[in-house]
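Reproduced below: work09.cif, with mmCIF, C-alpha atoms and all ligand atoms.
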data_work
loop_
_atom_site.group_PDB
_atom_site.id
_atom_site.type_symbol
_atom_site.label_atom_id
_atom_site.label_comp_id
_atom_site.auth_asym_id
_atom_site.auth_seq_id
_atom_site.Cartn_x
_atom_site.Cartn_y
_atom_site.Cartn_z
ATOM 1 C CA MET A 10 92.779 24.237 96.750
ATOM 2 C CA LYS A 11 91.039 26.931 98.799
ATOM 3 C CA ASN A 12 90.181 24.338 101.443
ATOM 4 C CA SER A 13 93.781 23.174 101.778
ATOM 5 C CA LEU A 14 94.999 26.785 101.996
ATOM 6 C CA MET A 15 92.545 27.411 104.860
ATOM 7 C CA LYS A 16 93.846 24.318 106.636
ATOM 8 C CA THR A 17 97.431 25.531 106.266
ATOM 9 C CA VAL A 18 96.691 29.066 107.439
ATOM 10 C CA PHE A 19 94.608 28.110 110.475
ATOM 11 C CA PHE A 20 96.555 24.923 111.438
ATOM 12 C CA THR A 21 93.254 23.033 111.602
ATOM 13 C CA GLU A 22 94.893 19.606 111.279
ATOM 14 C CA ILE A 23 97.276 20.322 114.136
ATOM 15 C CA LEU A 24 94.390 21.582 116.246
ATOM 16 C CA SER A 25 92.241 18.510 115.506
ATOM 17 C CA GLY A 26 95.226 16.303 116.399
ATOM 18 C CA LEU A 27 95.683 18.150 119.697
ATOM 19 C CA ALA A 28 91.947 17.852 120.372
ATOM 20 C CA LEU A 29 92.195 14.087 119.914
ATOM 21 C CA THR A 30 95.145 13.961 122.310
ATOM 22 C CA PHE A 31 93.232 16.011 124.860
ATOM 23 C CA ARG A 32 90.105 13.822 124.563
ATOM 24 C CA THR A 33 92.092 10.651 125.286
ATOM 25 C CA LEU A 34 94.296 12.219 127.981
ATOM 26 C CA PHE A 35 92.020 11.266 130.849
ATOM 27 C CA LYS A 36 90.927 7.866 129.587
ATOM 28 C CA SER A 37 92.469 4.755 131.096
ATOM 29 C CA PRO A 38 95.460 3.570 129.027
ATOM 30 C CA VAL A 39 95.085 0.707 126.596
ATOM 31 C CA THR A 40 98.760 -0.220 126.920
ATOM 32 C CA ARG A 41 100.313 -2.293 129.714
ATOM 33 C CA ARG A 42 103.388 -1.395 131.712
ATOM 34 C CA TYR A 43 105.259 -4.551 130.794
ATOM 35 C CA PRO A 44 107.083 -6.190 132.526
ATOM 36 C CA LYS A 45 105.342 -4.859 135.660
ATOM 37 C CA VAL A 46 101.992 -5.913 134.225
ATOM 38 C CA LYS A 47 102.211 -9.220 132.394
ATOM 39 C CA PRO A 48 99.900 -10.016 129.497
ATOM 40 C CA VAL A 49 97.439 -12.836 129.982
ATOM 41 C CA VAL A 50 98.618 -15.635 127.734
ATOM 42 C CA ALA A 51 95.882 -17.618 126.050
ATOM 43 C CA ALA A 52 95.793 -21.297 126.870
ATOM 44 C CA GLY A 53 97.584 -23.263 124.185
ATOM 45 C CA TYR A 54 99.963 -20.400 123.399
ATOM 46 C CA ARG A 55 103.033 -21.581 121.477
ATOM 47 C CA GLY A 56 106.033 -20.563 123.515
ATOM 48 C CA LEU A 57 109.280 -22.223 124.512
ATOM 49 C CA HIS A 58 109.642 -25.928 123.741
ATOM 50 C CA ALA A 59 109.615 -28.723 126.284
ATOM 51 C CA LEU A 60 110.079 -32.477 126.089
ATOM 52 C CA ALA A 61 107.262 -34.317 127.811
ATOM 53 C CA LYS A 62 107.753 -36.850 130.600
ATOM 54 C CA ASP A 63 105.465 -39.737 131.481
ATOM 55 C CA ASP A 64 104.030 -40.451 134.947
ATOM 56 C CA ASP A 65 107.287 -42.137 135.967
ATOM 57 C CA GLY A 66 109.268 -39.034 135.029
ATOM 58 C CA LYS A 67 110.806 -40.660 131.957
ATOM 59 C CA MET A 68 111.169 -38.860 128.643
ATOM 60 C CA LYS A 69 108.361 -39.832 126.274
ATOM 61 C CA CYS A 70 110.367 -39.251 123.098
ATOM 62 C CA VAL A 71 111.449 -42.428 121.328
ATOM 63 C CA GLY A 72 113.619 -40.709 118.753
ATOM 64 C CA CYS A 73 111.486 -41.589 115.716
ATOM 65 C CA GLY A 74 112.442 -38.300 114.072
ATOM 66 C CA LEU A 75 108.986 -37.377 112.752
ATOM 67 C CA CYS A 76 109.028 -33.951 114.421
ATOM 68 C CA GLY A 77 112.366 -33.147 112.801
ATOM 69 C CA ALA A 78 111.123 -34.344 109.409
ATOM 70 C CA TYR A 79 108.021 -32.127 109.600
ATOM 71 C CA CYS A 80 109.769 -29.041 110.968
ATOM 72 C CA PRO A 81 109.760 -26.465 108.148
ATOM 73 C CA SER A 82 112.690 -24.595 109.715
ATOM 74 C CA GLN A 83 114.730 -27.757 110.167
ATOM 75 C CA CYS A 84 115.655 -26.608 113.643
ATOM 76 C CA ILE A 85 115.167 -29.942 115.455
ATOM 77 C CA HIS A 86 118.206 -32.203 115.661
ATOM 78 C CA ILE A 87 117.918 -35.727 117.037
ATOM 79 C CA TYR A 88 120.802 -38.125 117.646
ATOM 80 C CA THR A 89 119.994 -41.704 118.594
ATOM 81 C CA ALA A 90 122.088 -44.705 119.536
ATOM 82 C CA GLU A 91 121.525 -48.351 120.397
ATOM 83 C CA GLY A 92 121.190 -49.050 124.117
ATOM 84 C CA GLU A 93 122.429 -52.092 126.032
ATOM 85 C CA ASP A 94 119.145 -53.964 125.534
ATOM 86 C CA ASN A 95 119.198 -53.186 121.773
ATOM 87 C CA LYS A 96 116.599 -50.466 122.276
ATOM 88 C CA LYS A 97 116.945 -47.159 120.560
ATOM 89 C CA ILE A 98 117.962 -44.404 122.967
ATOM 90 C CA VAL A 99 117.755 -40.679 122.344
ATOM 91 C CA GLU A 100 121.228 -39.399 123.081
ATOM 92 C CA ARG A 101 120.614 -35.828 122.054
ATOM 93 C CA TYR A 102 117.481 -33.880 121.207
ATOM 94 C CA GLU A 103 118.113 -30.261 120.354
ATOM 95 C CA VAL A 104 116.019 -27.332 119.184
ATOM 96 C CA ASP A 105 117.555 -24.212 117.706
ATOM 97 C CA VAL A 106 114.909 -21.852 119.057
ATOM 98 C CA LEU A 107 116.143 -18.848 117.058
ATOM 99 C CA ARG A 108 115.192 -20.642 113.845
ATOM 100 C CA CYS A 109 111.817 -21.847 115.110
ATOM 101 C CA ILE A 110 108.704 -20.181 113.685
ATOM 102 C CA PHE A 111 106.406 -21.701 116.353
ATOM 103 C CA CYS A 112 104.146 -23.306 113.786
ATOM 104 C CA GLY A 113 103.457 -26.266 116.079
ATOM 105 C CA PHE A 114 103.969 -28.869 113.338
ATOM 106 C CA CYS A 115 106.394 -30.790 115.563
ATOM 107 C CA VAL A 116 103.693 -31.191 118.217
ATOM 108 C CA GLU A 117 101.130 -32.272 115.632
ATOM 109 C CA ALA A 118 103.528 -34.731 114.024
ATOM 110 C CA CYS A 119 104.633 -36.493 117.206
ATOM 111 C CA PRO A 120 102.674 -39.741 117.670
ATOM 112 C CA PHE A 121 103.730 -39.998 121.322
ATOM 113 C CA GLY A 122 102.832 -36.534 122.661
ATOM 114 C CA ALA A 123 106.484 -36.025 123.461
ATOM 115 C CA ILE A 124 107.267 -32.514 122.257
ATOM 116 C CA SER A 125 105.291 -29.508 123.413
ATOM 117 C CA LEU A 126 105.220 -25.736 123.202
ATOM 118 C CA SER A 127 104.851 -24.140 126.613
ATOM 119 C CA GLU A 128 103.209 -20.847 127.563
ATOM 120 C CA HIS A 129 106.594 -19.429 128.540
ATOM 121 C CA TYR A 130 107.533 -16.431 126.389
ATOM 122 C CA GLU A 131 110.060 -14.543 128.531
ATOM 123 C CA TYR A 132 113.326 -16.104 127.455
ATOM 124 C CA ALA A 133 115.221 -13.116 126.066
ATOM 125 C CA ASP A 134 118.960 -13.409 126.633
ATOM 126 C CA TYR A 135 122.309 -11.956 125.617
ATOM 127 C CA THR A 136 123.951 -15.054 124.215
ATOM 128 C CA LYS A 137 123.003 -17.110 121.197
ATOM 129 C CA GLY A 138 123.857 -20.319 123.018
ATOM 130 C CA SER A 139 121.026 -19.907 125.500
ATOM 131 C CA PHE A 140 118.550 -20.265 122.639
ATOM 132 C CA TYR A 141 119.930 -23.654 121.716
ATOM 133 C CA MET A 142 117.825 -26.052 123.739
ATOM 134 C CA THR A 143 119.428 -29.351 124.650
ATOM 135 C CA LYS A 144 117.567 -32.472 125.759
ATOM 136 C CA GLU A 145 118.338 -31.696 129.396
ATOM 137 C CA LYS A 146 117.038 -28.125 129.107
ATOM 138 C CA LEU A 147 113.921 -29.289 127.277
ATOM 139 C CA LEU A 148 113.162 -31.853 129.961
ATOM 140 C CA GLU A 149 113.673 -29.193 132.631
ATOM 141 C CA ASN A 150 111.184 -27.014 130.771
ATOM 142 C CA TRP A 151 108.577 -29.748 131.136
ATOM 143 C CA ASP A 152 109.054 -29.728 134.916
ATOM 144 C CA LYS A 153 108.915 -25.930 134.982
ATOM 145 C CA TYR A 154 105.970 -25.246 132.701
ATOM 146 C CA PHE A 155 103.898 -28.427 132.591
ATOM 147 C CA ALA A 156 104.035 -29.687 136.150
ATOM 148 C CA GLY A 157 101.151 -31.861 137.380
ATOM 149 C CA GLU A 158 97.756 -31.735 135.702
ATOM 150 C CA LYS A 159 98.800 -29.022 133.293
ATOM 151 C CA GLY A 160 101.012 -31.435 131.360
ATOM 152 C CA LYS A 161 98.210 -33.994 131.159
ATOM 153 C CA ARG A 162 95.682 -31.437 129.943
ATOM 154 C CA TYR A 163 97.982 -29.960 127.303
ATOM 155 C CA TYR A 164 97.630 -32.550 124.549
ATOM 156 C CA ARG A 165 93.999 -33.332 125.393
ATOM 157 C CA GLU A 166 92.806 -29.763 125.000
ATOM 158 C CA PHE A 167 94.935 -28.208 122.303
ATOM 159 C CA TRP A 168 96.088 -30.789 119.809
ATOM 160 C CA ARG A 169 94.233 -32.887 117.277
ATOM 161 C CA PRO A 170 94.005 -35.607 116.190
ATOM 162 C CA ARG A 171 94.269 -37.491 119.486
ATOM 163 C CA ALA A 172 95.223 -41.173 119.452
ATOM 164 C CA GLU A 173 91.592 -42.129 120.197
ATOM 165 C CA ASP A 174 90.398 -40.055 117.226
ATOM 166 C CA LEU A 175 92.187 -42.415 114.848
ATOM 167 C CA HIS A 176 89.691 -45.192 114.308
ATOM 168 C CA GLY A 177 87.658 -46.545 111.416
ATOM 169 C CA HIS A 178 83.993 -47.334 110.882
ATOM 170 C CA ASP A 179 82.489 -50.157 112.943
ATOM 171 C CA ASP A 180 82.195 -52.407 109.860
ATOM 172 C CA GLN A 181 85.664 -51.592 108.628
ATOM 173 C CA ALA A 182 87.377 -54.992 108.875
ATOM 174 C CA MET A 183 90.974 -53.811 108.898
ATOM 175 C CA PHE A 184 90.452 -51.763 112.035
ATOM 176 C CA SER A 185 88.178 -54.101 113.996
ATOM 177 C CA LYS A 186 91.045 -56.138 115.454
ATOM 178 C CA ILE A 187 92.943 -53.049 116.625
ATOM 179 C CA LYS A 188 89.793 -51.513 118.116
ATOM 180 C CA GLY A 189 89.126 -54.772 119.974
ATOM 181 C CA LYS A 190 92.573 -54.578 121.529
ATOM 182 C CA VAL A 191 92.060 -50.988 122.633
ATOM 183 C CA LYS A 192 88.835 -51.869 124.447
ATOM 184 C CA GLU A 193 90.424 -54.720 126.457
HETATM 185 S S1 LIG A 201 107.223 -25.144 116.090
HETATM 186 FE FE1 LIG A 201 107.494 -25.467 113.874
HETATM 187 S S2 LIG A 201 109.440 -24.459 113.395
HETATM 188 FE FE2 LIG A 201 109.385 -24.704 115.618
HETATM 189 S S3 LIG A 201 110.446 -26.606 116.053
HETATM 190 FE FE3 LIG A 201 108.263 -27.101 115.867
HETATM 191 S S4 LIG A 201 107.961 -27.645 113.699
HETATM 192 FE FE4 LIG A 201 109.935 -26.580 113.867
HETATM 193 S S1 LIG A 202 109.409 -35.807 119.861
HETATM 194 FE FE1 LIG A 202 107.928 -37.300 119.061
HETATM 195 S S2 LIG A 202 108.111 -37.153 116.813
HETATM 196 FE FE2 LIG A 202 109.939 -36.208 117.710
HETATM 197 S S3 LIG A 202 111.456 -37.849 117.765
HETATM 198 FE FE3 LIG A 202 110.451 -37.794 119.767
HETATM 199 S S4 LIG A 202 108.780 -39.279 119.597
HETATM 200 FE FE4 LIG A 202 109.439 -38.833 117.503
#
This structure in structure tokens:
Amino acid sequence: MKNSLMKTVFFTEILSGLALTFRTLFKSPVTRRYPKVKPVVAAGYRGLHALAKDDDGKMKCVGCGLCGAYCPSQCIHIYTAEGEDNKKIVERYEVDVLRCIFCGFCVEACPFGAISLSEHYEYADYTKGSFYMTKEKLLENWDKYFAGEKGKRYYREFWRPRAEDLHGHDDQAMFSKIKGKVKE
């Protein structure tokens, strides 16, 4: 009681707070002046979505729907149709980014390495519509954020399992035929 009265009378807590302020006044700041100084984003950061393209510039997605089935936020919408050669075509692939929790399950689920999360995080906007990513926007994002080697490295370095990780033991009969094909 006496101690707290002394603190109140002599403003010791205020003085110790001011002393702390004074001690740190001349130290270099720990904060950044964003957006003038951009934070360094760690490789593999989960930012805005992109739909991957192959070496010929074609969309890798085959419209199997696995990413949408895994997505806990149910924010991926895929619409497919039958093409002229009876092949499935992906007419629309859409991500409602405002619902996304950036868990990365869609990337893990995709057997074709077709959906990705880029390092781009500056996509604030004034309209809700700009957060609804269409197939065209998602493919553009691949060109913007995964151009060249970066796109090739992305799945190799950050996502497991890779296709080549999925194999059985050498004496496991059911896999031997498939493994033989891979080696050819
Ligand atoms: S990161 Fe997660 S929440 Fe976002 S689209 Fe992919 S699976 Fe859905
Ligand atoms: S992104 Fe991958 S998992 Fe999703 S529909 Fe396309 S191929 Fe299937």
Evaluated on this file, the PyMOL selection byres (((not hetatm)) within 10 of (chain A and resi 202)) picks out some residues - which ones are they, written as number ranges by chain? A: 59-61, 68-80, 85-89, 99, 102, 114-125
Same residues, C-alpha atoms, output as a short mmCIF file (atom, residue, chain, number, x, y, z; two decimals), in the coordinates of the input:
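Dumped everything to selection_14.cif:
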data_model
loop_
_atom_site.label_atom_id
_atom_site.label_comp_id
_atom_site.auth_asym_id
_atom_site.auth_seq_id
_atom_site.Cartn_x
_atom_site.Cartn_y
_atom_site.Cartn_z
CA ALA A 59 109.62 -28.72 126.28
CA LEU A 60 110.08 -32.48 126.09
CA ALA A 61 107.26 -34.32 127.81
CA MET A 68 111.17 -38.86 128.64
CA LYS A 69 108.36 -39.83 126.27
CA CYS A 70 110.37 -39.25 123.10
CA VAL A 71 111.45 -42.43 121.33
CA GLY A 72 113.62 -40.71 118.75
CA CYS A 73 111.49 -41.59 115.72
CA GLY A 74 112.44 -38.30 114.07
CA LEU A 75 108.99 -37.38 112.75
CA CYS A 76 109.03 -33.95 114.42
CA GLY A 77 112.37 -33.15 112.80
CA ALA A 78 111.12 -34.34 109.41
CA TYR A 79 108.02 -32.13 109.60
CA CYS A 80 109.77 -29.04 110.97
CA ILE A 85 115.17 -29.94 115.46
CA HIS A 86 118.21 -32.20 115.66
CA ILE A 87 117.92 -35.73 117.04
CA TYR A 88 120.80 -38.12 117.65
CA THR A 89 119.99 -41.70 118.59
CA VAL A 99 117.76 -40.68 122.34
CA TYR A 102 117.48 -33.88 121.21
CA PHE A 114 103.97 -28.87 113.34
CA CYS A 115 106.39 -30.79 115.56
CA VAL A 116 103.69 -31.19 118.22
CA GLU A 117 101.13 -32.27 115.63
CA ALA A 118 103.53 -34.73 114.02
CA CYS A 119 104.63 -36.49 117.21
CA PRO A 120 102.67 -39.74 117.67
CA PHE A 121 103.73 -40.00 121.32
CA GLY A 122 102.83 -36.53 122.66
CA ALA A 123 106.48 -36.02 123.46
CA ILE A 124 107.27 -32.51 122.26
CA SER A 125 105.29 -29.51 123.41
#
Enter the distance from CA of Pro44 (chain A) to CA of Lys144 (chain A), in Å, rounded to one decimal.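 We find that CA of Pro44 (chain A) and CA of Lys144 (chain A) lie 29.1 Å from each other.
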Report as a list in words the residues that result from applying the PyMOL selection byres (((chain A and resi 106) around 9) and not hetatm) to the structure here.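 So the PyMOL selection byres (((chain A and resi 106) around 9) and not hetatm) ends up selecting Leu57, His58, Cys84, Ile85, Val104, Asp105, Leu107, Arg108, Cys109, Ile110, Phe111, Phe140, Tyr141 and Met142 of chain A.
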Centre and edge lengths, as AutoDock Vina command-line options, for the axis-aligned box enclosing every listed atom of ligand LIG 201 (chain A) with 8 Å of padding on each of the six sides, in Å to one decimal?
--center_x 108.8 --center_y -26.1 --center_z 114.7 --size_x 19.2 --size_y 19.2 --size_z 18.7
Have a look at CA of Thr30 (chain A) and CA of Lys16 (chain A) and let me know their distance in Å, one decimal.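 Here the two named atoms are 18.8 Å from each other.
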Could you tell me which of A:Trp151, A:Cys112, A:Thr136, A:Gly160 comes closest to ligand LIG 201 (chain A) if we count all atoms listed in the file?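 Selected residue with least distance to ligand LIG 201 (chain A): A:Cys112.
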Please reconstruct the missing atoms of region 124-156 of chain A (target: N, CA and C atoms) and return them as a CSV table (one decimal), keeping the file's coordinate frame.
chain,number,residue,atom,x,y,z
A,124,ILE,N,106.7,-33.9,122.4
A,124,ILE,CA,107.3,-32.5,122.3
A,124,ILE,C,106.1,-31.5,122.4
A,125,SER,N,106.4,-30.4,123.1
A,125,SER,CA,105.3,-29.5,123.4
A,125,SER,C,105.8,-28.1,123.3
A,126,LEU,N,104.9,-27.2,123.2
A,126,LEU,CA,105.2,-25.7,123.2
A,126,LEU,C,104.6,-25.1,124.4
A,127,SER,N,105.4,-24.6,125.3
A,127,SER,CA,104.9,-24.1,126.6
A,127,SER,C,104.3,-22.7,126.5
A,128,GLU,N,103.7,-22.2,127.6
A,128,GLU,CA,103.2,-20.8,127.6
A,128,GLU,C,104.3,-19.8,127.9
A,129,HIS,N,105.5,-20.3,128.1
A,129,HIS,CA,106.6,-19.4,128.5
A,129,HIS,C,107.1,-18.6,127.4
A,130,TYR,N,107.1,-17.3,127.5
A,130,TYR,CA,107.5,-16.4,126.4
A,130,TYR,C,108.7,-15.5,126.8
A,131,GLU,N,109.0,-15.5,128.1
A,131,GLU,CA,110.1,-14.5,128.5
A,131,GLU,C,111.4,-15.2,128.6
A,132,TYR,N,112.0,-15.4,127.4
A,132,TYR,CA,113.3,-16.1,127.5
A,132,TYR,C,114.4,-15.3,126.7
A,133,ALA,N,114.2,-14.0,126.7
A,133,ALA,CA,115.2,-13.1,126.1
A,133,ALA,C,116.6,-13.3,126.8
A,134,ASP,N,117.6,-13.2,126.0
A,134,ASP,CA,119.0,-13.4,126.6
A,134,ASP,C,120.0,-12.7,125.8
A,135,TYR,N,121.2,-12.7,126.3
A,135,TYR,CA,122.3,-12.0,125.6
A,135,TYR,C,123.2,-12.9,124.8
A,136,THR,N,123.1,-14.2,125.0
A,136,THR,CA,124.0,-15.1,124.2
A,136,THR,C,123.1,-16.0,123.3
A,137,LYS,N,123.7,-16.3,122.2
A,137,LYS,CA,123.0,-17.1,121.2
A,137,LYS,C,122.8,-18.5,121.7
A,138,GLY,N,123.8,-19.0,122.5
A,138,GLY,CA,123.9,-20.3,123.0
A,138,GLY,C,122.7,-20.6,123.9
A,139,SER,N,122.1,-19.6,124.6
A,139,SER,CA,121.0,-19.9,125.5
A,139,SER,C,119.7,-20.2,124.7
A,140,PHE,N,119.7,-20.0,123.4
A,140,PHE,CA,118.6,-20.3,122.6
A,140,PHE,C,118.7,-21.6,121.9
A,141,TYR,N,119.8,-22.3,122.3
A,141,TYR,CA,119.9,-23.7,121.7
A,141,TYR,C,119.5,-24.6,122.8
A,142,MET,N,118.4,-25.2,122.7
A,142,MET,CA,117.8,-26.1,123.7
A,142,MET,C,118.3,-27.5,123.6
A,143,THR,N,119.0,-28.0,124.6
A,143,THR,CA,119.4,-29.4,124.6
A,143,THR,C,118.3,-30.2,125.3
A,144,LYS,N,118.5,-31.5,125.2
A,144,LYS,CA,117.6,-32.5,125.8
A,144,LYS,C,117.3,-32.2,127.2
A,145,GLU,N,118.4,-31.9,128.0
A,145,GLU,CA,118.3,-31.7,129.4
A,145,GLU,C,117.5,-30.4,129.7
A,146,LYS,N,117.8,-29.4,128.9
A,146,LYS,CA,117.0,-28.1,129.1
A,146,LYS,C,115.6,-28.3,128.8
A,147,LEU,N,115.3,-29.1,127.7
A,147,LEU,CA,113.9,-29.3,127.3
A,147,LEU,C,113.1,-30.1,128.3
A,148,LEU,N,113.8,-31.1,128.9
A,148,LEU,CA,113.2,-31.9,130.0
A,148,LEU,C,112.9,-31.0,131.2
A,149,GLU,N,113.9,-30.1,131.5
A,149,GLU,CA,113.7,-29.2,132.6
A,149,GLU,C,112.5,-28.3,132.4
A,150,ASN,N,112.3,-27.9,131.1
A,150,ASN,CA,111.2,-27.0,130.8
A,150,ASN,C,109.8,-27.7,131.1
A,151,TRP,N,109.8,-29.0,130.8
A,151,TRP,CA,108.6,-29.7,131.1
A,151,TRP,C,108.3,-29.6,132.6
A,152,ASP,N,109.3,-29.8,133.5
A,152,ASP,CA,109.1,-29.7,134.9
A,152,ASP,C,108.6,-28.3,135.3
A,153,LYS,N,109.2,-27.3,134.6
A,153,LYS,CA,108.9,-25.9,135.0
A,153,LYS,C,107.5,-25.5,134.5
A,154,TYR,N,107.2,-25.8,133.3
A,154,TYR,CA,106.0,-25.2,132.7
A,154,TYR,C,104.8,-26.2,132.5
A,155,PHE,N,105.0,-27.5,132.8
A,155,PHE,CA,103.9,-28.4,132.6
A,155,PHE,C,103.7,-29.3,133.8
A,156,ALA,N,104.1,-28.8,135.0
A,156,ALA,CA,104.0,-29.7,136.2
A,156,ALA,C,102.6,-30.1,136.5
